[in-house]
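**Student:** Mind looking over this structure? Questions follow.
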Amino acid sequence: HAIQRTRLVHGLGGNVELRQIEGSPNLGNRRNVIGSFWAKEELLLTGRLALAAFGRYDQYLKKGYTGIGSDATLEMTDNLSFFGGVSLSRRMPNYQELFWTDSAVSRVAPIEAEKHMQFEAGAEMTFPDKSYIRASYFHRTIEDAIQIIPYTTQAARIFPSLAFANAPKVVTNGFEVKLG
């Protein structure tokens with residue numbers, strides 16, 4: 001998993017996807033196209049320092065969604081490296097979140113895309129047999145997080161109901177350790 005000293009990573013791609021529901025009592029008939037374009041560039045600045053930048057654009061239901069990010073890896077020795085990165089992205093609501101309705105499901109307001117900001121930093125140690133241990137810390141903030149919440153109406157006194165809604169902010173922090 002050490003930095004490969006002779007190779008740079010370049011990437012450019014796109015995707016077109018057709019999402020379709022022929023018929024559903026809760027979602028109705030839906031047919032939408034999602035178009036995506038992405039790019040990544042990684043530069044080896046010195047023999048031991050690599051920087052990368054990446055971006056993505058999605059078009060869905062006549063709205064555009066962007067994401068960008070950057071990360072870096074510093075190889076201290078042939079067996080030990082440190083890494084970190086940050087990204088800003090959006091998660092588009094899925095069909096259930098946007099359109100599902102029935103007697104027990106409603107919406108408080110129109111559902112907006114989630115806005116994600118993530119930071120990660122960590123270290124990786126590679127052993128002579130090519131096994132490794134990777135440890136990292138992450139912090140994620142989600143603005144307009146889509147949640148399912150209990151919803152009170154007159155009918156809810158007899159039948160419990162719920163609503164899809166955007167919450168103001170959700171913050172998660174954590175550690176991850178991976179052996180390979």
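Ordering of the structure tokens sets the chain letters (A, B, ...); residue numbers start at 1 within each chain; ligands are numbered from 1 in the order shown.
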Considering only C-alpha atoms, give me a table of residues in region 121-147 of chain A that are at most 6 Å from region 163-175 of chain A, with the closest atom pair and distance in Å for each, as a Markdown table.

**Tutor:**
| residue | atom | partner | partner_atom | distance |
| --- | --- | --- | --- | --- |
| A:Ser136 | CA | A:Phe175 | CA | 5.7 |
| A:Tyr137 | CA | A:Phe175 | CA | 4.5 |
| A:Phe138 | CA | A:Gly174 | CA | 5.4 |
| A:His139 | CA | A:Asn173 | CA | 4.5 |
| A:Arg140 | CA | A:Thr172 | CA | 5.3 |
| A:Thr141 | CA | A:Val171 | CA | 4.5 |
| A:Ile142 | CA | A:Val170 | CA | 5.1 |
| A:Glu143 | CA | A:Lys169 | CA | 4.6 |
| A:Asp144 | CA | A:Asn166 | CA | 4.8 |
| A:Ala145 | CA | A:Ala167 | CA | 5.1 |
| A:Ile146 | CA | A:Asn166 | CA | 4.6 |
| A:Gln147 | CA | A:Ala165 | CA | 5.5 |

**Student:** Kindly export the residues of the current selection with C-alpha atoms, as a PDB file, in the first residue's frame.

**Tutor:**
ATOM      1  CA  SER A 136      -8.046   6.461  10.733  1.00  0.00           C
ATOM      2  CA  TYR A 137     -10.236   9.063  12.391  1.00  0.00           C
ATOM      3  CA  PHE A 138     -13.162  10.643  10.549  1.00  0.00           C
ATOM      4  CA  HIS A 139     -15.488  13.584  11.123  1.00  0.00           C
ATOM      5  CA  ARG A 140     -18.646  14.023   9.027  1.00  0.00           C
ATOM      6  CA  THR A 141     -21.144  16.874   9.137  1.00  0.00           C
ATOM      7  CA  ILE A 142     -24.424  16.448   7.260  1.00  0.00           C
ATOM      8  CA  GLU A 143     -26.520  19.546   6.664  1.00  0.00           C
ATOM      9  CA  ASP A 144     -30.169  18.925   5.730  1.00  0.00           C
ATOM     10  CA  ALA A 145     -29.877  15.248   6.733  1.00  0.00           C
ATOM     11  CA  ILE A 146     -32.877  13.286   5.469  1.00  0.00           C
ATOM     12  CA  GLN A 147     -34.571  11.515   8.363  1.00  0.00           C
TER      13      GLN A 147
END

**Student:** For region 60-77 of chain A, please output as an NGL selection string all residues within 6 Å (counting only C-alpha atoms; exclusion window: fewer than 5 positions along the same chain).

**Tutor:** :A and (34 or 48-55 or 82-89)

**Student:** Take the residues that were just selected and, keeping C-alpha atoms, output them as a short mmCIF file (atom, residue, chain, number, x, y, z; two decimals), in the first residue's frame.

**Tutor:**
data_model
loop_
_atom_site.label_atom_id
_atom_site.label_comp_id
_atom_site.auth_asym_id
_atom_site.auth_seq_id
_atom_site.Cartn_x
_atom_site.Cartn_y
_atom_site.Cartn_z
CA ILE A 34 -29.35 10.56 -13.91
CA ARG A 48 7.21 10.49 -0.80
CA LEU A 49 4.34 13.01 -1.08
CA ALA A 50 1.26 12.55 -3.26
CA LEU A 51 -1.66 14.97 -3.58
CA ALA A 52 -4.97 14.23 -5.26
CA ALA A 53 -7.98 16.30 -6.26
CA PHE A 54 -11.31 15.03 -7.49
CA GLY A 55 -14.69 16.35 -8.52
CA PHE A 82 0.23 9.13 6.90
CA PHE A 83 -2.83 10.28 4.98
CA GLY A 84 -5.61 12.81 5.20
CA GLY A 85 -8.37 14.27 3.11
CA VAL A 86 -11.47 16.41 2.94
CA SER A 87 -14.53 16.26 0.71
CA LEU A 88 -17.72 18.22 0.12
CA SER A 89 -20.58 16.42 -1.59
#

**Student:** Mind checking which residues fall within 7 Å of Glu17 (chain A), counting only C-alpha atoms, ignoring those fewer than 2 positions away in the same chain, and posting them as a PyMOL selection string?

**Tutor:** chain A and resi 15+19+33-35

**Student:** Pick out each residue of chain A that DSSP on the backbone tags as helix (DSSP H, G or I); I need them as an NGL selection string.

**Tutor:** :A and (95-99 or 155-157)

**Student:** Can I get the selected residues back with N, CA and C atoms, as a PDB file, in the first residue's frame?

**Tutor:**
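File produced: out38.pdb:
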ATOM      1  N   TYR A  95     -36.062   7.725  -4.430  1.00  0.00           N
ATOM      2  CA  TYR A  95     -37.489   7.744  -4.760  1.00  0.00           C
ATOM      3  C   TYR A  95     -38.377   7.693  -3.527  1.00  0.00           C
ATOM      4  N   GLN A  96     -38.063   6.841  -2.572  1.00  0.00           N
ATOM      5  CA  GLN A  96     -38.890   6.762  -1.360  1.00  0.00           C
ATOM      6  C   GLN A  96     -38.942   8.104  -0.648  1.00  0.00           C
ATOM      7  N   GLU A  97     -37.779   8.735  -0.483  1.00  0.00           N
ATOM      8  CA  GLU A  97     -37.716  10.011   0.237  1.00  0.00           C
ATOM      9  C   GLU A  97     -38.467  11.121  -0.498  1.00  0.00           C
ATOM     10  N   LEU A  98     -38.449  11.079  -1.816  1.00  0.00           N
ATOM     11  CA  LEU A  98     -39.105  12.128  -2.600  1.00  0.00           C
ATOM     12  C   LEU A  98     -40.603  11.906  -2.820  1.00  0.00           C
ATOM     13  N   PHE A  99     -41.005  10.661  -3.052  1.00  0.00           N
ATOM     14  CA  PHE A  99     -42.347  10.442  -3.577  1.00  0.00           C
ATOM     15  C   PHE A  99     -43.248   9.520  -2.763  1.00  0.00           C
ATOM     16  N   ALA A 155     -55.205  11.619  12.412  1.00  0.00           N
ATOM     17  CA  ALA A 155     -55.259  10.191  12.103  1.00  0.00           C
ATOM     18  C   ALA A 155     -54.206   9.406  12.878  1.00  0.00           C
ATOM     19  N   ALA A 156     -53.110  10.067  13.273  1.00  0.00           N
ATOM     20  CA  ALA A 156     -52.034   9.371  13.979  1.00  0.00           C
ATOM     21  C   ALA A 156     -52.462   8.916  15.368  1.00  0.00           C
ATOM     22  N   ARG A 157     -53.533   9.477  15.867  1.00  0.00           N
ATOM     23  CA  ARG A 157     -54.011   9.023  17.175  1.00  0.00           C
ATOM     24  C   ARG A 157     -54.520   7.591  17.090  1.00  0.00           C
TER      25      ARG A 157
END

**Student:** Enumerate as a PyMOL selection string all residues of chain A assigned to strand (DSSP E) by DSSP on the backbone, naming them with the chain letters and numbers the document uses.

**Tutor:** chain A and resi 10-21+30-44+49-60+63-75+80-91+105-107+114-126+132-150+162-179

**Student:** Using only C-alpha atoms, which of the listed residues (A:Pro150, A:Met125, A:Asp78, A:Trp100) sits closest to Leu179 (chain A)?

**Tutor:**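 Between A:Pro150, A:Met125, A:Asp78, A:Trp100, the residue approaching Leu179 (chain A) most closely is A:Met125.
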
**Student:** What is the CA of Gln59 (chain A)-CA of Ser36 (chain A) distance in Å, reported with one decimal?

**Tutor:**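 Separation of CA of Gln59 (chain A) and CA of Ser36 (chain A): 6.4 Å.
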
**Student:** Quick one: residues within 8 Å of Ala135 (chain A), only C-alpha atoms, excluding same-chain residues fewer than 2 positions away - as a list in words?

**Tutor:**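 The contact residues come out as Gly122, Ala123, Glu124, Ile133, Tyr137, Phe175, Glu176, Val177 and Lys178 of chain A.
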
**Student:** Using only N, CA, C and O atoms, please write the residues we just selected to a file, as a short mmCIF file (atom, residue, chain, number, x, y, z; two decimals), in the first residue's frame.

**Tutor:**
data_model
loop_
_atom_site.label_atom_id
_atom_site.label_comp_id
_atom_site.auth_asym_id
_atom_site.auth_seq_id
_atom_site.Cartn_x
_atom_site.Cartn_y
_atom_site.Cartn_z
N GLY A 122 -5.20 9.63 9.07
CA GLY A 122 -4.77 8.38 9.67
C GLY A 122 -3.38 7.97 9.24
O GLY A 122 -2.63 8.75 8.63
N ALA A 123 -3.06 6.72 9.55
CA ALA A 123 -1.74 6.16 9.24
C ALA A 123 -1.92 4.71 8.78
O ALA A 123 -2.88 4.04 9.15
N GLU A 124 -0.95 4.26 7.99
CA GLU A 124 -0.95 2.88 7.52
C GLU A 124 0.46 2.32 7.62
O GLU A 124 1.43 2.98 7.23
N ILE A 133 -1.79 -2.72 8.48
CA ILE A 133 -2.77 -2.21 9.43
C ILE A 133 -2.98 -0.74 9.09
O ILE A 133 -2.03 0.00 8.83
N TYR A 137 -9.20 8.32 11.69
CA TYR A 137 -10.24 9.06 12.39
C TYR A 137 -11.03 9.81 11.33
O TYR A 137 -10.46 10.33 10.36
N PHE A 175 -13.61 6.20 14.65
CA PHE A 175 -12.31 5.61 14.35
C PHE A 175 -12.54 4.32 13.57
O PHE A 175 -13.52 3.62 13.81
N GLU A 176 -11.63 4.03 12.67
CA GLU A 176 -11.69 2.80 11.91
C GLU A 176 -10.31 2.17 11.91
O GLU A 176 -9.30 2.86 11.70
N VAL A 177 -10.26 0.88 12.16
CA VAL A 177 -9.02 0.12 12.07
C VAL A 177 -9.25 -1.04 11.11
O VAL A 177 -10.24 -1.76 11.25
N LYS A 178 -8.34 -1.20 10.16
CA LYS A 178 -8.49 -2.25 9.15
C LYS A 178 -7.21 -3.05 9.06
O LYS A 178 -6.11 -2.47 9.01
#

**Student:** Would you kindly return, as a PyMOL selection string, each protein, DNA or RNA residue with an atom no farther than 8 Å from any atom of Gln20 (chain A), considering only C-alpha atoms and excluding same-chain residues fewer than 6 positions away?

**Tutor:** chain A and resi 29-32

**Student:** Choose the residue, out of A:Ser81, A:Asp129, A:Leu45, A:Ile148, that has the smallest atom-to-atom separation from Ile111 (chain A); count only C-alpha atoms.

**Tutor:** A:Ile148

**Student:** Would you mind telling me which residue in A:Phe37, A:Phe127, A:Tyr57, A:Tyr151 lies nearest to Gly180 (chain A) when using only C-alpha atoms?

**Tutor:**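 Closest to Gly180 (chain A), using only C-alpha atoms: A:Phe127.
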